[in-house]
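Engineer: Compact mmCIF, C-alpha atoms and all ligand atoms, saved as query.txt, coming up:
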# COMPACT_ATOMS: atom_id res chain seq x y z
CA MET A 178 -65.21 4.34 -8.99
CA VAL A 179 -63.30 2.02 -11.26
CA LYS A 180 -64.37 -1.61 -11.17
CA GLU A 181 -61.71 -4.30 -11.31
CA TYR A 182 -62.65 -7.27 -13.47
CA GLY A 183 -61.72 -10.90 -13.23
CA VAL A 184 -60.98 -12.04 -16.79
CA TYR A 185 -63.85 -14.50 -16.97
CA GLU A 186 -66.19 -11.71 -15.94
CA VAL A 187 -64.97 -9.84 -19.01
CA VAL A 188 -65.95 -12.80 -21.20
CA LEU A 189 -69.42 -12.89 -19.64
CA LYS A 190 -69.91 -9.16 -20.28
CA GLN A 191 -68.83 -9.53 -23.90
CA LEU A 192 -71.11 -12.51 -24.39
CA GLU A 193 -73.98 -10.61 -22.77
CA ALA A 194 -73.60 -7.69 -25.18
CA ALA A 195 -73.74 -9.98 -28.21
CA ALA A 196 -76.61 -12.02 -26.74
CA ASP A 197 -78.64 -8.83 -26.23
CA ALA A 198 -77.96 -7.61 -29.75
CA LEU A 199 -78.89 -11.02 -31.20
CA LYS A 200 -81.85 -11.60 -28.85
CA LEU A 201 -80.27 -14.96 -28.11
CA ALA A 202 -82.26 -17.73 -26.42
CA PRO A 203 -81.33 -17.83 -22.71
CA GLN A 204 -80.27 -21.52 -22.88
CA THR A 205 -77.82 -20.77 -25.69
CA LYS A 206 -76.25 -18.02 -23.63
CA GLU A 207 -76.21 -20.27 -20.57
CA LEU A 208 -74.36 -22.97 -22.50
CA LEU A 209 -71.79 -20.51 -23.85
CA ALA A 210 -71.28 -19.01 -20.40
CA GLU A 211 -69.74 -22.21 -19.00
CA PRO A 212 -66.97 -24.49 -20.24
CA VAL A 213 -68.12 -27.99 -21.18
CA ARG A 214 -65.05 -29.55 -19.49
CA ASN A 215 -62.45 -28.10 -17.16
CA PHE A 216 -59.41 -29.99 -15.85
CA LYS A 217 -56.82 -29.33 -13.20
CA VAL A 218 -53.69 -31.45 -12.97
CA ALA A 219 -50.71 -31.76 -10.64
CA ILE A 220 -47.38 -32.41 -12.36
CA PRO A 221 -44.45 -33.76 -10.33
CA VAL A 222 -41.13 -32.75 -11.88
CA LYS A 223 -37.63 -33.94 -10.90
CA MET A 224 -35.55 -30.78 -10.68
CA ASP A 225 -31.87 -30.65 -11.65
CA ASP A 226 -30.81 -30.58 -7.98
CA GLY A 227 -32.57 -33.90 -7.31
CA SER A 228 -35.60 -32.43 -5.52
CA VAL A 229 -39.17 -32.90 -6.75
CA LYS A 230 -41.42 -29.93 -7.38
CA VAL A 231 -45.15 -30.22 -8.00
CA PHE A 232 -46.57 -27.80 -10.60
CA LYS A 233 -50.24 -26.94 -11.17
CA GLY A 234 -51.61 -27.24 -14.69
CA PHE A 235 -54.96 -26.41 -16.31
CA ARG A 236 -56.76 -27.40 -19.49
CA CYS A 237 -60.18 -25.97 -20.14
CA GLN A 238 -62.37 -27.08 -23.06
CA HIS A 239 -64.96 -24.39 -23.45
CA ASN A 240 -67.23 -25.51 -26.28
CA ASP A 241 -66.95 -28.14 -29.01
CA ALA A 242 -70.10 -27.54 -31.06
CA LEU A 243 -68.08 -26.64 -34.16
CA GLY A 244 -65.36 -29.27 -33.87
CA PRO A 245 -62.55 -30.56 -31.66
CA THR A 246 -61.36 -27.97 -29.19
CA LYS A 247 -58.27 -25.94 -29.99
CA GLY A 248 -56.04 -23.49 -28.19
CA GLY A 249 -52.64 -22.73 -26.78
CA VAL A 250 -50.90 -23.52 -23.52
CA ARG A 251 -49.21 -20.74 -21.57
CA PHE A 252 -46.44 -21.09 -19.04
CA HIS A 253 -46.72 -18.16 -16.67
CA PRO A 254 -46.17 -17.36 -12.98
CA GLN A 255 -49.63 -15.79 -12.67
CA VAL A 256 -51.79 -18.16 -14.71
CA ASP A 257 -54.91 -19.42 -12.93
CA GLU A 258 -58.13 -21.27 -13.57
CA ASP A 259 -60.18 -18.13 -14.20
CA GLU A 260 -57.73 -16.87 -16.81
CA VAL A 261 -57.53 -20.21 -18.62
CA LYS A 262 -61.34 -20.42 -18.68
CA ALA A 263 -61.55 -16.96 -20.23
CA LEU A 264 -58.86 -17.72 -22.80
CA ALA A 265 -60.65 -20.98 -23.72
CA ALA A 266 -63.91 -19.13 -24.31
CA TRP A 267 -62.13 -16.56 -26.48
CA MET A 268 -60.79 -19.46 -28.59
CA THR A 269 -64.36 -20.72 -29.12
CA PHE A 270 -65.48 -17.31 -30.38
CA LYS A 271 -62.29 -16.77 -32.42
CA CYS A 272 -62.55 -20.07 -34.31
CA ALA A 273 -66.26 -19.56 -34.95
CA LEU A 274 -65.66 -16.01 -36.16
CA VAL A 275 -63.07 -16.91 -38.80
CA GLY A 276 -64.94 -20.07 -39.76
CA ILE A 277 -62.47 -22.81 -38.91
CA PRO A 278 -63.96 -26.12 -37.70
CA TYR A 279 -62.88 -26.02 -34.08
CA GLY A 280 -64.21 -25.35 -30.64
CA GLY A 281 -62.16 -23.50 -28.06
CA ALA A 282 -59.75 -24.62 -25.35
CA LYS A 283 -56.79 -23.29 -23.44
CA GLY A 284 -54.17 -24.60 -21.07
CA GLY A 285 -51.72 -23.22 -18.60
CA ILE A 286 -48.97 -24.22 -16.22
CA LEU A 287 -48.30 -22.12 -13.16
CA CYS A 288 -44.52 -21.68 -13.39
CA ASN A 289 -41.82 -19.18 -14.22
CA PRO A 290 -40.15 -20.65 -17.31
CA LYS A 291 -37.32 -18.10 -17.02
CA GLU A 292 -36.25 -19.80 -13.77
CA LEU A 293 -36.25 -23.36 -15.18
CA SER A 294 -33.36 -25.08 -16.95
CA ASN A 295 -33.98 -26.53 -20.40
CA SER A 296 -34.18 -30.07 -19.06
CA GLU A 297 -36.58 -29.05 -16.26
CA LEU A 298 -38.74 -27.33 -18.88
CA GLU A 299 -38.72 -30.51 -20.97
CA ARG A 300 -39.74 -32.72 -18.02
CA LEU A 301 -42.49 -30.24 -17.09
CA SER A 302 -43.79 -30.13 -20.68
CA ARG A 303 -43.81 -33.91 -20.96
CA GLY A 304 -45.41 -34.27 -17.52
CA PHE A 305 -48.22 -31.89 -18.49
CA ILE A 306 -49.00 -33.76 -21.70
CA ALA A 307 -48.90 -37.12 -19.91
CA ALA A 308 -51.37 -35.73 -17.35
CA ILE A 309 -53.83 -34.43 -19.96
CA SER A 310 -53.24 -37.20 -22.54
CA PRO A 311 -56.65 -38.86 -21.94
CA ILE A 312 -58.46 -35.69 -22.97
CA ILE A 313 -56.39 -34.50 -25.95
CA GLY A 314 -55.78 -35.89 -29.44
CA PRO A 315 -56.13 -34.84 -33.10
CA GLU A 316 -59.89 -35.53 -32.96
CA LYS A 317 -60.46 -34.23 -29.42
CA ASP A 318 -58.41 -31.24 -28.38
CA ILE A 319 -55.29 -29.83 -30.01
CA PRO A 320 -52.87 -27.68 -27.96
CA ALA A 321 -50.60 -25.00 -29.46
CA PRO A 322 -48.19 -22.26 -28.35
CA ASP A 323 -49.20 -19.25 -26.29
CA VAL A 324 -47.41 -16.90 -23.87
CA TYR A 325 -43.89 -18.24 -23.07
CA THR A 326 -44.28 -21.49 -25.00
CA ASN A 327 -42.67 -22.10 -28.39
CA PRO A 328 -42.04 -24.69 -31.14
CA GLN A 329 -39.56 -26.60 -28.94
CA VAL A 330 -42.20 -27.05 -26.22
CA MET A 331 -44.71 -28.16 -28.91
CA SER A 332 -42.18 -30.71 -30.12
CA TRP A 333 -41.88 -32.19 -26.61
CA PHE A 334 -45.70 -32.19 -26.33
CA MET A 335 -46.07 -34.05 -29.62
CA ASP A 336 -43.27 -36.50 -28.82
CA GLU A 337 -44.66 -37.36 -25.39
CA PHE A 338 -48.16 -37.94 -26.74
CA SER A 339 -46.76 -40.06 -29.61
CA ARG A 340 -44.72 -42.14 -27.16
CA LEU A 341 -47.76 -42.78 -25.01
CA LYS A 342 -49.82 -43.83 -28.05
CA GLY A 343 -47.04 -45.89 -29.62
CA PHE A 344 -47.18 -44.15 -33.01
CA ASN A 345 -46.38 -40.75 -34.48
CA SER A 346 -49.23 -38.34 -33.92
CA PRO A 347 -48.21 -34.95 -35.33
CA GLY A 348 -51.84 -33.74 -35.51
CA VAL A 349 -52.18 -33.64 -31.70
CA VAL A 350 -50.33 -30.33 -31.41
CA THR A 351 -49.74 -27.35 -33.70
CA GLY A 352 -46.97 -24.78 -33.76
CA LYS A 353 -44.35 -27.54 -34.08
CA PRO A 354 -40.93 -27.08 -35.70
CA LEU A 355 -41.11 -27.63 -39.49
CA ILE A 356 -39.00 -30.79 -39.38
CA VAL A 357 -41.58 -32.66 -37.27
CA GLY A 358 -44.71 -31.57 -39.14
CA GLY A 359 -44.96 -27.85 -38.47
CA SER A 360 -46.46 -25.55 -41.09
CA ALA A 361 -44.67 -22.93 -43.10
CA GLY A 362 -45.76 -19.52 -41.82
CA ARG A 363 -47.06 -20.65 -38.39
CA ASP A 364 -44.42 -18.75 -36.44
CA SER A 365 -45.43 -15.35 -37.78
CA ALA A 366 -49.11 -16.18 -38.44
CA THR A 367 -50.67 -14.29 -35.51
CA ALA A 368 -48.93 -11.10 -36.58
CA ARG A 369 -49.67 -11.62 -40.28
CA GLY A 370 -53.32 -11.68 -39.29
CA VAL A 371 -52.81 -8.51 -37.26
CA MET A 372 -51.19 -6.92 -40.31
CA PHE A 373 -53.94 -7.99 -42.76
CA THR A 374 -56.73 -6.72 -40.52
CA THR A 375 -54.84 -3.50 -39.68
CA ARG A 376 -54.31 -2.88 -43.39
CA GLU A 377 -58.06 -3.32 -44.02
CA ALA A 378 -58.94 -0.99 -41.14
CA CYS A 379 -56.49 1.65 -42.41
CA ILE A 380 -58.14 1.60 -45.84
CA LEU A 381 -61.56 2.19 -44.25
CA MET A 382 -60.24 4.91 -41.98
CA LYS A 383 -58.25 6.52 -44.81
CA LEU A 384 -55.15 6.15 -42.69
CA ASP A 385 -51.96 5.99 -44.72
CA LEU A 386 -49.80 3.21 -43.25
CA LYS A 387 -46.73 4.96 -44.65
CA GLU A 388 -47.43 7.91 -42.38
CA ALA A 389 -48.48 5.80 -39.42
CA ARG A 390 -46.71 5.84 -36.08
CA VAL A 391 -46.92 2.40 -34.50
CA VAL A 392 -46.66 1.57 -30.78
CA VAL A 393 -46.34 -2.05 -29.66
CA GLN A 394 -46.90 -3.24 -26.09
CA GLY A 395 -45.09 -6.56 -25.56
CA TYR A 396 -42.22 -7.89 -27.66
CA GLY A 397 -42.81 -11.64 -27.76
CA ASN A 398 -43.80 -13.53 -30.91
CA ALA A 399 -46.95 -11.49 -31.68
CA GLY A 400 -45.41 -8.13 -30.75
CA PHE A 401 -42.17 -8.54 -32.67
CA TYR A 402 -43.76 -9.85 -35.87
CA SER A 403 -46.52 -7.22 -35.76
CA ALA A 404 -43.86 -4.51 -35.52
CA LYS A 405 -41.92 -6.13 -38.35
CA PHE A 406 -44.88 -6.45 -40.74
CA LEU A 407 -46.28 -2.98 -40.05
CA HIS A 408 -42.76 -1.57 -40.50
CA GLU A 409 -42.49 -3.39 -43.86
CA LEU A 410 -45.70 -1.64 -44.96
CA GLY A 411 -44.11 1.72 -44.15
CA GLY A 412 -45.20 2.23 -40.52
CA LYS A 413 -42.80 3.95 -38.12
CA VAL A 414 -42.31 1.90 -34.94
CA ILE A 415 -41.86 4.67 -32.36
CA ALA A 416 -42.20 2.68 -29.13
CA VAL A 417 -42.13 -0.91 -27.91
CA ASN A 418 -41.80 -2.51 -24.49
CA ASP A 419 -41.62 -5.82 -22.64
CA SER A 420 -42.00 -6.92 -19.03
CA SER A 421 -38.68 -5.24 -18.09
CA GLY A 422 -39.13 -1.81 -19.72
CA GLY A 423 -39.65 0.14 -22.92
CA ALA A 424 -37.88 1.99 -25.72
CA PHE A 425 -39.18 5.18 -27.34
CA ASN A 426 -37.76 6.97 -30.35
CA PRO A 427 -40.03 9.38 -32.28
CA GLU A 428 -37.83 8.89 -35.37
CA GLY A 429 -38.77 5.17 -35.47
CA MET A 430 -36.81 1.99 -34.73
CA ASP A 431 -35.91 -1.11 -36.71
CA PRO A 432 -37.92 -4.11 -35.38
CA LEU A 433 -35.19 -6.63 -36.22
CA ALA A 434 -32.49 -4.59 -34.51
CA LEU A 435 -34.81 -4.33 -31.49
CA LEU A 436 -35.19 -8.11 -31.41
CA ASP A 437 -31.41 -8.64 -31.67
CA TYR A 438 -30.93 -6.15 -28.86
CA LYS A 439 -33.54 -7.93 -26.72
CA HIS A 440 -31.86 -11.29 -27.33
CA SER A 441 -28.48 -9.95 -26.18
CA ASN A 442 -29.72 -7.79 -23.29
CA GLY A 443 -32.87 -9.53 -22.07
CA SER A 444 -35.09 -6.52 -22.82
CA VAL A 445 -35.77 -3.81 -25.41
CA LYS A 446 -35.05 -1.27 -22.67
CA GLY A 447 -31.87 0.69 -23.40
CA PHE A 448 -32.06 0.17 -27.20
CA PRO A 449 -29.50 2.55 -28.78
CA GLY A 450 -31.01 5.89 -29.82
CA SER A 451 -34.14 5.40 -27.69
CA VAL A 452 -35.22 6.77 -24.33
CA ASN A 453 -36.77 4.58 -21.63
CA ILE A 454 -40.55 4.66 -21.42
CA VAL A 455 -42.79 3.15 -18.75
CA ASN A 456 -45.86 1.12 -19.69
CA ASP A 457 -48.48 3.79 -18.83
CA ASP A 458 -46.68 6.40 -20.92
CA LEU A 459 -46.28 3.99 -23.81
CA LEU A 460 -50.01 3.27 -23.92
CA SER A 461 -50.87 6.96 -24.00
CA LEU A 462 -48.40 8.00 -26.71
CA GLU A 463 -49.79 9.95 -29.64
CA CYS A 464 -49.78 7.49 -32.55
CA GLU A 465 -51.95 6.13 -35.33
CA ILE A 466 -51.75 2.44 -34.44
CA LEU A 467 -51.44 0.85 -30.99
CA VAL A 468 -50.83 -2.91 -30.87
CA PRO A 469 -51.32 -4.41 -27.40
CA ALA A 470 -49.40 -7.69 -27.69
CA ALA A 471 -48.90 -8.63 -24.04
CA LEU A 472 -51.47 -9.81 -21.50
CA GLU A 473 -55.09 -9.23 -20.48
CA ASN A 474 -56.58 -6.16 -18.79
CA GLN A 475 -54.02 -3.62 -20.00
CA ILE A 476 -56.40 -0.97 -21.32
CA THR A 477 -58.84 -0.25 -18.51
CA ALA A 478 -61.21 2.49 -17.35
CA ASP A 479 -58.15 3.98 -15.63
CA ASN A 480 -56.12 4.66 -18.75
CA ALA A 481 -58.53 4.43 -21.71
CA GLY A 482 -59.22 8.16 -21.48
CA ASP A 483 -55.51 8.87 -22.05
CA ILE A 484 -55.18 6.78 -25.18
CA ARG A 485 -54.32 8.86 -28.24
CA ALA A 486 -54.10 6.11 -30.87
CA LYS A 487 -56.61 6.18 -33.75
CA LEU A 488 -56.64 2.43 -34.21
CA ILE A 489 -56.02 -0.41 -31.73
CA ALA A 490 -55.17 -3.83 -33.16
CA GLU A 491 -55.42 -6.40 -30.37
CA ALA A 492 -52.64 -8.93 -30.95
CA ALA A 493 -52.99 -10.07 -27.31
CA ASN A 494 -56.04 -11.87 -25.96
CA GLY A 495 -58.28 -9.72 -23.76
CA PRO A 496 -56.16 -6.55 -23.49
CA THR A 497 -59.19 -4.22 -23.16
CA THR A 498 -61.83 -4.28 -20.42
CA PRO A 499 -65.52 -3.64 -21.25
CA GLU A 500 -65.42 -0.24 -19.52
CA ALA A 501 -62.40 0.81 -21.54
CA ASP A 502 -64.15 -0.44 -24.69
CA GLN A 503 -67.02 1.94 -24.07
CA ILE A 504 -64.72 4.90 -23.38
CA LEU A 505 -62.73 4.24 -26.57
CA PHE A 506 -65.89 3.75 -28.65
CA GLU A 507 -67.17 7.14 -27.46
CA LYS A 508 -63.81 8.71 -28.31
CA GLY A 509 -64.08 7.30 -31.84
CA VAL A 510 -61.09 4.97 -31.54
CA MET A 511 -61.41 2.00 -33.89
CA ILE A 512 -60.63 -1.37 -32.28
CA ILE A 513 -59.87 -4.55 -34.16
CA PRO A 514 -60.92 -6.94 -31.38
CA ASP A 515 -58.62 -9.77 -30.28
CA ILE A 516 -60.81 -12.60 -31.57
CA LEU A 517 -60.46 -11.06 -35.04
CA ALA A 518 -57.04 -9.38 -34.99
CA ASN A 519 -55.07 -12.31 -33.57
CA ALA A 520 -57.00 -15.15 -35.26
CA GLY A 521 -54.20 -15.66 -37.79
CA GLY A 522 -52.35 -17.87 -35.31
CA VAL A 523 -55.08 -20.43 -34.87
CA THR A 524 -55.96 -20.22 -38.57
CA VAL A 525 -52.48 -21.36 -39.58
CA SER A 526 -52.65 -23.93 -36.75
CA TYR A 527 -55.71 -25.26 -38.56
CA PHE A 528 -53.69 -25.40 -41.80
CA GLU A 529 -50.94 -27.26 -39.93
CA TRP A 530 -53.43 -29.82 -38.59
CA VAL A 531 -54.96 -30.30 -42.04
CA GLN A 532 -51.46 -30.89 -43.47
CA ASN A 533 -50.68 -33.36 -40.65
CA LEU A 534 -53.90 -35.31 -41.21
CA SER A 535 -53.40 -35.48 -44.96
CA ASN A 536 -49.62 -35.92 -44.84
CA TYR A 537 -49.21 -33.37 -47.60
CA TYR A 538 -47.38 -30.11 -47.02
CA TRP A 539 -48.00 -26.66 -48.48
CA THR A 540 -45.64 -23.86 -49.50
CA ALA A 541 -45.32 -20.63 -47.53
CA GLU A 542 -47.11 -18.82 -50.38
CA GLU A 543 -50.08 -21.21 -50.24
CA VAL A 544 -50.37 -20.71 -46.48
CA ASP A 545 -50.12 -16.96 -46.78
CA THR A 546 -52.68 -16.63 -49.58
CA LYS A 547 -55.20 -18.80 -47.72
CA LEU A 548 -54.60 -16.88 -44.48
CA GLU A 549 -55.07 -13.51 -46.17
CA ARG A 550 -58.36 -14.59 -47.71
CA ILE A 551 -59.75 -15.79 -44.36
CA MET A 552 -58.58 -12.73 -42.42
CA VAL A 553 -59.81 -10.18 -44.95
CA GLU A 554 -63.18 -11.90 -45.26
CA ALA A 555 -63.58 -12.08 -41.47
CA PHE A 556 -62.66 -8.41 -41.13
CA ARG A 557 -65.21 -7.35 -43.75
CA ASN A 558 -67.87 -9.53 -42.19
CA VAL A 559 -67.32 -7.98 -38.76
CA TYR A 560 -67.17 -4.47 -40.16
CA SER A 561 -70.43 -4.81 -42.10
CA THR A 562 -72.13 -6.36 -39.05
CA SER A 563 -70.97 -3.39 -36.98
CA ILE A 564 -72.40 -0.93 -39.50
CA GLU A 565 -75.71 -2.78 -39.95
CA GLY A 566 -76.17 -3.38 -36.23
CA LYS A 567 -74.80 0.04 -35.19
CA VAL A 568 -72.54 -1.69 -32.69
CA ASN A 569 -68.81 -1.52 -32.06
CA MET A 570 -66.40 -3.93 -33.72
CA ARG A 571 -66.12 -6.17 -30.65
CA VAL A 572 -69.86 -6.65 -30.27
CA ALA A 573 -70.06 -7.23 -34.03
CA ALA A 574 -67.32 -9.90 -33.87
CA TYR A 575 -69.16 -11.67 -31.05
CA MET A 576 -72.44 -11.45 -32.96
CA VAL A 577 -70.92 -13.21 -35.97
CA ALA A 578 -69.33 -15.88 -33.78
CA VAL A 579 -72.26 -16.47 -31.43
CA ASN A 580 -74.68 -16.74 -34.35
CA LYS A 581 -72.68 -19.62 -35.83
CA LEU A 582 -72.33 -21.35 -32.46
CA ALA A 583 -76.05 -21.00 -31.77
CA GLU A 584 -76.87 -22.51 -35.14
CA ALA A 585 -74.46 -25.43 -34.63
CA MET A 586 -75.80 -26.16 -31.14
CA LYS A 587 -79.33 -26.02 -32.47
CA VAL A 588 -78.83 -28.41 -35.39
CA ARG A 589 -76.86 -30.76 -33.13
CA GLY A 590 -79.95 -30.88 -30.91
CA TRP A 591 -78.26 -29.42 -27.81
CA ILE A 592 -80.79 -26.65 -27.41
N1 LIG B 601 -52.45 -19.20 -28.58
C1 LIG B 601 -52.94 -18.71 -29.83
C2 LIG B 601 -54.24 -17.96 -29.64
O1 LIG B 601 -54.51 -17.47 -28.57
C3 LIG B 601 -53.01 -19.79 -30.90
C4 LIG B 601 -53.85 -20.97 -30.58
C5 LIG B 601 -53.74 -22.10 -31.60
O2 LIG B 601 -52.99 -21.97 -32.54
O3 LIG B 601 -54.42 -23.12 -31.39
O4 LIG B 601 -54.99 -17.75 -30.54
Could you write out this file's structure as structure tokens?
Ligand code: GLU

Structural biologist:
Amino acid sequence: MVKEYGVYEVVLKQLEAAADALKLAPQTKELLAEPVRNFKVAIPVKMDDGSVKVFKGFRCQHNDALGPTKGGVRFHPQVDEDEVKALAAWMTFKCALVGIPYGGAKGGILCNPKELSNSELERLSRGFIAAISPIIGPEKDIPAPDVYTNPQVMSWFMDEFSRLKGFNSPGVVTGKPLIVGGSAGRDSATARGVMFTTREACILMKLDLKEARVVVQGYGNAGFYSAKFLHELGGKVIAVNDSSGGAFNPEGMDPLALLDYKHSNGSVKGFPGSVNIVNDDLLSLECEILVPAALENQITADNAGDIRAKLIAEAANGPTTPEADQILFEKGVMIIPDILANAGGVTVSYFEWVQNLSNYYWTAEEVDTKLERIMVEAFRNVYSTSIEGKVNMRVAAYMVAVNKLAEAMKVRGWI
């Protein structure tokens, strides 16, 4: 029988596997198994028709042993406390893994942004920041974009916080538009990290990217840019989808044309020259590289057996359940786990914050070179840990991250 997981349960299982492999002290595991702070807020918003609607918001700060907490805010009709807690923990492990001086946090607002006008979205964004303003700040906790939030929302976040403080505080939020202190390269950073780590994995696996068929689940920021960068390296993008449907063309499709089509039609479904494909069929297509770039729990014990990709690069957070992980490991499918594959986003967020704090801005080339170095080094570190420890890439990534967290908590005198 297939077991359904809550997302936080997935985090606990992943932590458990690394703790076992590292023979971690029970107190260290106990501390990492719970967020240090977890907030729930109610946000009253004046709607365009004059009514008032109350929205639920969450901000979870999972662990701050390595620095101020960091992580995105998602606007989604299904977001809940359990999901935000899991995403916050993944941020802790992600930042530790790539070696940037942050702990992990995540936020969410329960809403459907597609049903809100621009001014309602602005009032909601400002209301959320006002509600969590006592617990965020450049030295405390730094929000960023995530699912269905973007540079405009970050700009409202930053502006509201600055208004409350009475001075400009660009370092409170990352992922801002360039004109108000954003960083060159932040928009495409998650996918550049996916591309760098995929490229490294392909070299190891002797997979020629020029021959590679690429399938992308989800066509938001991470999905689109991943398709674009892998296409630029010669990959053939044979299928992509979004929440409304999918497009499949074995001859390959142009990622930019797909994005234009999605902008005009609301979905990639119906893209000229393609046939429609449902999500289950997309995941089980024969291909070299599968990029899950949507939500959690997409590759499960139910469908892992059908997957025919050779390499999975997790642009999304938490797309694979522990049971699916095991099935794929036994099948010999290589996985670049989320906390490694998609760490490019928070890494360039870190660069943005550093630029904000020092008031000195870098070129796109500087950002890109520094990002590549961090991503390639993290990939090699995880890969060698997996070989030495005879564990899969996810367990190896957690081992690297948990080791650093354990050391920090020890020298800080927490355990
Ligand atoms: N939301 C992104 C993530 O899950 C980026 C977080 C950040 O830049 O702080 O990694």

Engineer: Could you tell me which of A:Phe506, A:Phe406, A:Phe528, A:Phe232 comes closest to ligand LIG 601 (chain B) if we count only C-alpha atoms and all ligand atoms?

Structural biologist: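 Distance minimum relative to ligand LIG 601 (chain B) lands on A:Phe528.
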
Engineer: Let me make sure I understand: among A:Ile380, A:Ala242, A:Ile516, A:Ala424, which one has the smallest atom-to-atom distance to ligand LIG 601 (chain B) if we use all atoms listed in the file?

Structural biologist: A:Ile516

Engineer: Write out as a ChimeraX atom specification each polymer residue whose atoms come within 8 Å of stretch 354-359 of chain A, counting all atoms listed in the file; drop sequence neighbours fewer than 3 positions from it.

Structural biologist: /A:328-329,331-332,347,351,363,529,533

Engineer: Pick out the closest residue to ligand LIG 601 (chain B) from this set: A:Leu472, A:Leu208, A:Leu298, A:Leu201. Count only C-alpha atoms and all ligand atoms.

Structural biologist: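 Under the stated criterion, the closest residue is A:Leu472.
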
Engineer: Taking all atoms listed in the file into account, which of A:Pro322, A:Pro449, A:Gly281, A:Gly314 comes nearest ligand LIG 601 (chain B)?

Structural biologist: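 Under the stated criterion, the closest residue is A:Pro322.
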
Engineer: What is the atom CA of A:Asn215 to atom CA of A:Glu299 distance in Å?

Structural biologist: 24.2 Å

Engineer: Please find the residues contacting ligand LIG 601 (chain B) at a distance of at most 6 Å between atoms, with all atoms listed in the file counted, and report them as a ChimeraX atom specification.

Structural biologist: /A:247-249,320-323,520,522-523,526

Engineer: Could you list, as a PDB file with C-alpha atoms, in the coordinates of the input, every residue within 10 Å of A:Pro221, counting all atoms listed in the file and ignoring same-chain residues fewer than 4 positions away?

Structural biologist:
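Writing the result to around_20.pdb gives the following:
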ATOM      1  CA  VAL A 229     -39.170 -32.900  -6.750  1.00  0.00           C
ATOM      2  CA  LYS A 230     -41.420 -29.930  -7.380  1.00  0.00           C
ATOM      3  CA  VAL A 231     -45.150 -30.220  -8.000  1.00  0.00           C
ATOM      4  CA  PHE A 232     -46.570 -27.800 -10.600  1.00  0.00           C
ATOM      5  CA  LYS A 233     -50.240 -26.940 -11.170  1.00  0.00           C
ATOM      6  CA  ARG A 300     -39.740 -32.720 -18.020  1.00  0.00           C
ATOM      7  CA  LEU A 301     -42.490 -30.240 -17.090  1.00  0.00           C
ATOM      8  CA  GLY A 304     -45.410 -34.270 -17.520  1.00  0.00           C
ATOM      9  CA  PHE A 305     -48.220 -31.890 -18.490  1.00  0.00           C
TER      10      PHE A 305
END

Engineer: Using only C-alpha atoms, pick whichever of A:Ala265, A:Leu407, A:Ala308, A:Cys272 has the shortest atom-to-atom distance to A:Gly244.

Structural biologist: A:Cys272

Engineer: Identify which of the residues A:Thr498, A:Ser228, A:Asn240, A:Asn426 lies closest to A:Glu297, counting only C-alpha atoms when measuring atom-to-atom distances.

Structural biologist: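 Ranking A:Thr498, A:Ser228, A:Asn240, A:Asn426 by distance to A:Glu297, first place goes to A:Ser228.
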
Engineer: How far is it from atom CA of A:His239 to atom CA of A:Asp318, in Å with one decimal?

Structural biologist: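 Interatomic distance here is 10.7 Å.
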
Engineer: Can you pull out every residue within 8 Å of A:Ala389, counting only C-alpha atoms, but drop anything in the same chain fewer than 6 positions away, and send it as a VMD selection string?

Structural biologist: chain A and resid 411 to 413 464 to 466

Engineer: Output C-alpha atoms for every residue in the selection just made, as a PDB file, in the coordinates of the input.

Structural biologist:
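Final output, part-v4.pdb:
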ATOM      1  CA  GLY A 411     -44.110   1.720 -44.150  1.00  0.00           C
ATOM      2  CA  GLY A 412     -45.200   2.230 -40.520  1.00  0.00           C
ATOM      3  CA  LYS A 413     -42.800   3.950 -38.120  1.00  0.00           C
ATOM      4  CA  CYS A 464     -49.780   7.490 -32.550  1.00  0.00           C
ATOM      5  CA  GLU A 465     -51.950   6.130 -35.330  1.00  0.00           C
ATOM      6  CA  ILE A 466     -51.750   2.440 -34.440  1.00  0.00           C
TER       7      ILE A 466
END

Engineer: Between atom CA of A:Asn494 and atom CA of A:Gly234, what distance in Å does the model show, to one decimal?

Structural biologist: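 It comes out at 19.6 Å.
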
Engineer: If we count only C-alpha atoms and set the cut-off at 8 Å, which residues sit around stretch 205-207 of chain A, ignoring sequence neighbours fewer than 3 positions away in its own chain? Please answer as a ChimeraX atom specification.

Structural biologist: /A:192-193,196,201-202,210-211,583,586,592

Engineer: Give me the residues near A:Phe448 as a PyMOL selection string, where near means some atom within 10 Å (using only C-alpha atoms) and where sequence neighbours in that chain fewer than 2 positions away do not count.

Structural biologist: chain A and resi 423-426+430+434-439+442+444-446+450-453

Engineer: Around (-63.0, 5.0, -30.9) in the file's own coordinates, what residues are found within 10 Å if you use all atoms listed in the file, given back as a VMD selection string?

Structural biologist: chain A and resid 484 to 489 502 to 512 569 to 570
